[in-house]
Each structure stands twice: as structure tokens, then as C-alpha cells.
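Worksheet: the structure to be examined is printed underneath.
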Amino acid sequence: MKRPFLLLLAAGLLLLALLASLALGASDIAPGQVTRLLLWPDESTESLVIHTLRLPRTVVAALAGAGLGVSGLLLQGVTRNPLADPGILGVEAGGALAILVMVVFFPAAPAALFVPAAFLGGALAAALAYGVARRVGVTPLRLALAGVAVASLVGAATRTVQLLFEERAQGALFALSGSVAGRTWEQAAQVAPWMGLGLALALLLTPRVNVLALGEDVARGLGARTERDSFLVTALGVLLAAASVSVVGPVGFVGLIIPHAARALMGPDHRFSLPLAALLGAAFLTAADILARLIDKPAETPVGILVAAAGAPFFVALARRIGRR
């Protein structure tokens, strides 16, 4: 009974966050009016603000938050590393660099290629981080440190491209800002199919994630094909993170905080913690975006800064706890 209640509670929190996202901003709109205009749009300014500006932005924030939350849960499960996160492992930085390369060197490429490009960049960055950690022996802390190093290296490459091709790179700055401000229905449509497919596949793969989380020896003893399953789950985690990065840019720590919260509330069974992570991730990033609008109203703070302010102390505390083991 506890698990269905937690899922319903998380869904309720997400619904409240979505409604608040539509109501609050540079100009506030009453919640009752928001509901009425959602169902029966008219020619008023409020209706235009809701349907043209805030609704696509809210949809993008919810999709990206769900993707990052589930991505972190998958990566932590398959690596058995509580510090695994798409940002910490360099996946987000690799995806951001890939999108920048697309904009600078292939300006005529369709936006539909952004997610595959970000997936390739994120996968290469994650593989490099794992390769570096493997040379000195893979432990949770070493893998996280290798990921941070790779993310810094990739970030330096990103800044170099921006400096060398400043005019061409302008088109990518908006996409890589770590914000959901100004997102449109076109960008929501760009990421929704990838996110929907990725989340559905992730839910189907949860029994395999449960087995992999027990360790390779136990998983093999249970008849699992560990290499194949690890590859599939990792690729899916990278895909979800890449899809998120393609529309909001790198927003670190969502994939670290949300999986820990989901497992603490729902337990280690990924069949239940994964749906909760999706709901909590969507609500978390949507709520962070609301705060980003209100903290310096009418100006907007990039949501990535606010999430980092919450996530960095969490990461340090978690790393210290693991380091003492």
C-alpha cells in the first residue's frame, strides 16, 4: 500500500509543480484562471502567455527532469556506484560538446539529429571516464573523479570551440545554457519521442537492472548475460541524458539527487523506484525552474545554477561518506 501511495503523492507533487509553472513568472496568473484557459483558450494576453510561452517550457522542463532522474538511476544501478550521475560521469559535457560541434560545423543539419549527436558525445565521454578509472582500479570514488576530470577536459574543449568560432557558436549558446527559458513546442516535439521511448524501455529493463545491481558474479549465477545487459542499460541511461541535454543543456546533479531520493522512499527494487524517479525528476526540475524565474524577478537565473547550489553539497557529503567506508 505504501508504494502506490508514494507514486500518487509524487504524481500530485508533479501536478502542483506544473500548475505553479504555468501560473508564476514575470506576471502571475491565478491558478483558477490557468485551469480555465488551459481548457478553453481565448484571445487574451494570459492565454497567449500560457499556451505559447509557459506550457512548452513546462513540458520541456518536466521531460528533461524525468530523463535525468531515470538516467542517473540506471547508471547507478548498472555501475553499482552511488556517485554515478550523467553530469559527474561526463555524459552531459560530452553531449553539450557534440551539439556545439553540430551547430558550428554542420549548421544545415536538422534539429532531429541533435539527440543522436548528443548521445554519441555523451557515450564517448562516459567511455573515456570509465577507461581512465579502469587503469587505476574502478571504485565508486575513482570513477566519479575520472568523470569529473573528463567533464572538465570536455568543458575546456567546448570553451575553445566557442572562442575560435565565436560567431558560429552563438546559435548553440541558447541550447547549452542550462536553462529552460524560451523553450518552444518545436523543442518539446524534438525531444518527446526520444524521451518517451527511452522511459518505456527503461521500465521494461528494470528486472535486468535489479539483477545487475547484485554484482557480476551473482548476476552470472542467475543466468544473466551481464555484458549485453550492462551495455543496454548504460546506453539507455546515456540516451536519456543526451535527450535532456539537447533541449536544456547540461544541468548537473539532478541524476544524482533524484535516484537517491527514489530509492530511499521506494527501496532498491528498480521496478518501483524508476517510476518514482521519473516523477520526482520532472517535479524537481520544474520546481527549480519556477524558483529560477522568481528569485530575481523579472530577470531569470539559469536553472542549472540553482540545481548545482543544491547538488554540490549533496555530492560532497555522499563522497565523504563513501570515502570513509
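The way I read the labels, and the way they are meant: chains A, B, ... in the order of the C-alpha cells, residue 1 as the first residue of every chain, and ligand 1 as the first ligand shown, with later ones counted on from there.
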
Item to check | DSSP-assigned alpha helix (DSSP H) members of segment 44-265 of chain A, reported as a PyMOL selection string | outcome: chain A and resi 45-48+55-79+91-105+114-136+140-164+166-173+185-204+206-212+216-221+226-248+254-265

Once you count only C-alpha atoms, what closest atom pair and distance in Å to one decimal does each residue of segment 59-97 of chain A within 12 Å of segment 18-34 of chain A have, with rows by chain and rising residue number, as CSV?
```
residue,atom,partner,partner_atom,distance
A:Val59,CA,A:Leu18,CA,8.3
A:Val60,CA,A:Leu18,CA,11.1
A:Ala61,CA,A:Leu18,CA,9.5
A:Ala62,CA,A:Leu18,CA,8.1
A:Leu63,CA,A:Leu18,CA,11.6
```

How close does each residue of segment 57-149 of chain A get to segment 291-305 of chain A, giving the shortest atom pair and distance in Å to one decimal for every residue with an atom at most 12 Å away, counting only C-alpha atoms, sorted by chain and residue number, as a tab-separated table?
```
residue	atom	partner	partner_atom	distance
A:Arg57	CA	A:Arg293	CA	11.9
A:Ala61	CA	A:Val303	CA	9.9
A:Gly65	CA	A:Val303	CA	11.5
A:Gly87	CA	A:Gly304	CA	11.3
```

Using only C-alpha atoms, what does the table of segment 175-213 of chain A residues within 8 Å of segment 240-252 of chain A look like, with each row giving the shortest atom pair and its distance in Å to one decimal, sorted by chain and ascending number, as JSON lines?
```
{"residue": "A:Ala175", "atom": "CA", "partner": "A:Gly249", "partner_atom": "CA", "distance": 5.7}
{"residue": "A:Leu176", "atom": "CA", "partner": "A:Gly249", "partner_atom": "CA", "distance": 3.9}
{"residue": "A:Ser177", "atom": "CA", "partner": "A:Gly249", "partner_atom": "CA", "distance": 5.6}
{"residue": "A:Gly178", "atom": "CA", "partner": "A:Gly249", "partner_atom": "CA", "distance": 4.5}
{"residue": "A:Ser179", "atom": "CA", "partner": "A:Val248", "partner_atom": "CA", "distance": 5.4}
{"residue": "A:Val180", "atom": "CA", "partner": "A:Val248", "partner_atom": "CA", "distance": 5.5}
{"residue": "A:Arg183", "atom": "CA", "partner": "A:Val247", "partner_atom": "CA", "distance": 7.8}
{"residue": "A:Gln187", "atom": "CA", "partner": "A:Val247", "partner_atom": "CA", "distance": 6.4}
{"residue": "A:Ala188", "atom": "CA", "partner": "A:Val247", "partner_atom": "CA", "distance": 7.9}
{"residue": "A:Val191", "atom": "CA", "partner": "A:Ala243", "partner_atom": "CA", "distance": 6.0}
{"residue": "A:Trp194", "atom": "CA", "partner": "A:Ala243", "partner_atom": "CA", "distance": 6.7}
{"residue": "A:Met195", "atom": "CA", "partner": "A:Leu240", "partner_atom": "CA", "distance": 6.3}
{"residue": "A:Gly198", "atom": "CA", "partner": "A:Leu240", "partner_atom": "CA", "distance": 6.1}
{"residue": "A:Leu199", "atom": "CA", "partner": "A:Leu240", "partner_atom": "CA", "distance": 7.7}
```

Item to check | Close residues, Leu143 of chain A itself excluded, 12 Å, only C-alpha atoms, min 3 positions apart in chain, as number ranges by chain | outcome: A: 75-76, 79-85, 88-90, 126-140, 146-150, 319

Can I get the selected residues back with N, CA and C atoms, as a tab-separated table (two decimals), in the first residue's frame?
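Contents of the output file again_2.tsv:
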```tsv
chain	number	residue	atom	x	y	z
A	75	LEU	N	22.28	4.45	-14.39
A	75	LEU	CA	23.74	4.43	-14.32
A	75	LEU	C	24.23	4.00	-12.95
A	76	GLN	N	23.54	4.43	-11.90
A	76	GLN	CA	23.92	4.00	-10.56
A	76	GLN	C	23.67	2.51	-10.38
A	79	THR	N	26.34	0.40	-12.64
A	79	THR	CA	27.72	0.51	-12.17
A	79	THR	C	27.86	0.19	-10.68
A	80	ARG	N	26.71	0.07	-9.98
A	80	ARG	CA	26.71	-0.13	-8.54
A	80	ARG	C	27.53	0.97	-7.86
A	81	ASN	N	27.38	2.17	-8.39
A	81	ASN	CA	28.15	3.32	-7.92
A	81	ASN	C	27.18	4.41	-7.49
A	82	PRO	N	27.08	4.69	-6.20
A	82	PRO	CA	26.13	5.71	-5.73
A	82	PRO	C	26.49	7.12	-6.17
A	83	LEU	N	27.71	7.32	-6.70
A	83	LEU	CA	28.12	8.64	-7.18
A	83	LEU	C	27.89	8.82	-8.67
A	84	ALA	N	27.40	7.78	-9.34
A	84	ALA	CA	27.19	7.88	-10.78
A	84	ALA	C	26.08	8.87	-11.09
A	85	ASP	N	26.33	9.69	-12.09
A	85	ASP	CA	25.40	10.75	-12.48
A	85	ASP	C	25.79	11.18	-13.89
A	88	ILE	N	28.33	14.03	-13.57
A	88	ILE	CA	29.60	13.68	-12.95
A	88	ILE	C	30.41	12.75	-13.84
A	89	LEU	N	29.76	11.85	-14.58
A	89	LEU	CA	30.47	10.92	-15.45
A	89	LEU	C	30.85	11.54	-16.80
A	90	GLY	N	30.53	12.81	-17.02
A	90	GLY	CA	30.92	13.47	-18.25
A	90	GLY	C	29.94	13.33	-19.40
A	126	ALA	N	31.63	9.16	-21.45
A	126	ALA	CA	31.48	8.16	-20.39
A	126	ALA	C	32.48	7.02	-20.56
A	127	ALA	N	32.70	6.59	-21.81
A	127	ALA	CA	33.67	5.53	-22.07
A	127	ALA	C	35.08	5.97	-21.69
A	128	LEU	N	35.41	7.23	-21.97
A	128	LEU	CA	36.73	7.75	-21.60
A	128	LEU	C	36.89	7.79	-20.09
A	129	ALA	N	35.85	8.22	-19.39
A	129	ALA	CA	35.91	8.28	-17.92
A	129	ALA	C	36.10	6.88	-17.34
A	130	TYR	N	35.36	5.92	-17.86
A	130	TYR	CA	35.50	4.54	-17.36
A	130	TYR	C	36.88	3.98	-17.68
A	131	GLY	N	37.40	4.30	-18.88
A	131	GLY	CA	38.73	3.82	-19.25
A	131	GLY	C	39.81	4.38	-18.34
A	132	VAL	N	39.70	5.66	-17.99
A	132	VAL	CA	40.67	6.28	-17.09
A	132	VAL	C	40.59	5.62	-15.71
A	133	ALA	N	39.39	5.42	-15.20
A	133	ALA	CA	39.24	4.81	-13.87
A	133	ALA	C	39.71	3.37	-13.87
A	134	ARG	N	39.51	2.68	-14.97
A	134	ARG	CA	39.87	1.26	-15.02
A	134	ARG	C	41.38	1.06	-14.94
A	135	ARG	N	42.16	2.02	-15.42
A	135	ARG	CA	43.62	1.90	-15.40
A	135	ARG	C	44.16	1.87	-13.97
A	136	VAL	N	43.46	2.50	-13.04
A	136	VAL	CA	43.95	2.54	-11.66
A	136	VAL	C	43.07	1.71	-10.72
A	137	GLY	N	42.08	1.02	-11.28
A	137	GLY	CA	41.17	0.22	-10.48
A	137	GLY	C	39.87	0.94	-10.21
A	138	VAL	N	38.77	0.38	-10.70
A	138	VAL	CA	37.48	1.06	-10.62
A	138	VAL	C	36.91	0.95	-9.21
A	139	THR	N	36.71	2.08	-8.59
A	139	THR	CA	35.95	2.19	-7.35
A	139	THR	C	34.94	3.33	-7.55
A	140	PRO	N	33.89	3.39	-6.74
A	140	PRO	CA	32.92	4.48	-6.93
A	140	PRO	C	33.56	5.86	-6.93
A	146	ALA	N	37.31	10.42	-12.08
A	146	ALA	CA	37.66	10.34	-13.50
A	146	ALA	C	36.61	11.03	-14.35
A	147	GLY	N	35.35	10.88	-13.98
A	147	GLY	CA	34.28	11.54	-14.71
A	147	GLY	C	34.37	13.05	-14.61
A	148	VAL	N	34.67	13.54	-13.40
A	148	VAL	CA	34.83	14.99	-13.21
A	148	VAL	C	35.99	15.51	-14.05
A	149	ALA	N	37.09	14.75	-14.10
A	149	ALA	CA	38.24	15.16	-14.90
A	149	ALA	C	37.90	15.21	-16.38
A	150	VAL	N	37.20	14.17	-16.85
A	150	VAL	CA	36.80	14.14	-18.26
A	150	VAL	C	35.83	15.27	-18.57
A	319	ALA	N	30.22	11.73	-1.15
A	319	ALA	CA	31.59	11.29	-1.41
A	319	ALA	C	32.34	11.07	-0.10
```

Item to check | Atom-to-atom span, atom CA of Leu276 of chain A and atom CA of Ala262 of chain A, Å | outcome: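 These atoms are spaced 5.8 Å apart.
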
Checklist entry - From the list A:Ser273, A:Gln162, A:Thr35, A:Thr226, which residue is nearest Pro4 of chain A when using only C-alpha atoms? => result A:Ser273

Checklist entry - What is the atom CA of Val104 of chain A to atom CA of Gly237 of chain A distance in Å? => result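 Computing the Euclidean distance for atom CA of Val104 of chain A and atom CA of Gly237 of chain A yields 26.5 Å.
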
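Among the candidate residues A:Leu7, A:Ala264, A:Ala172, A:Leu55, the one lying nearest to Leu97 of chain A is A:Ala172, with distances computed using only C-alpha atoms.
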
Checklist entry - Could you work out how far atom CA of Ala96 of chain A lies from atom CA of Ala123 of chain A, giving the answer in Å with one decimal? => result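 Separation of atom CA of Ala123 of chain A and atom CA of Ala96 of chain A: 11.8 Å.
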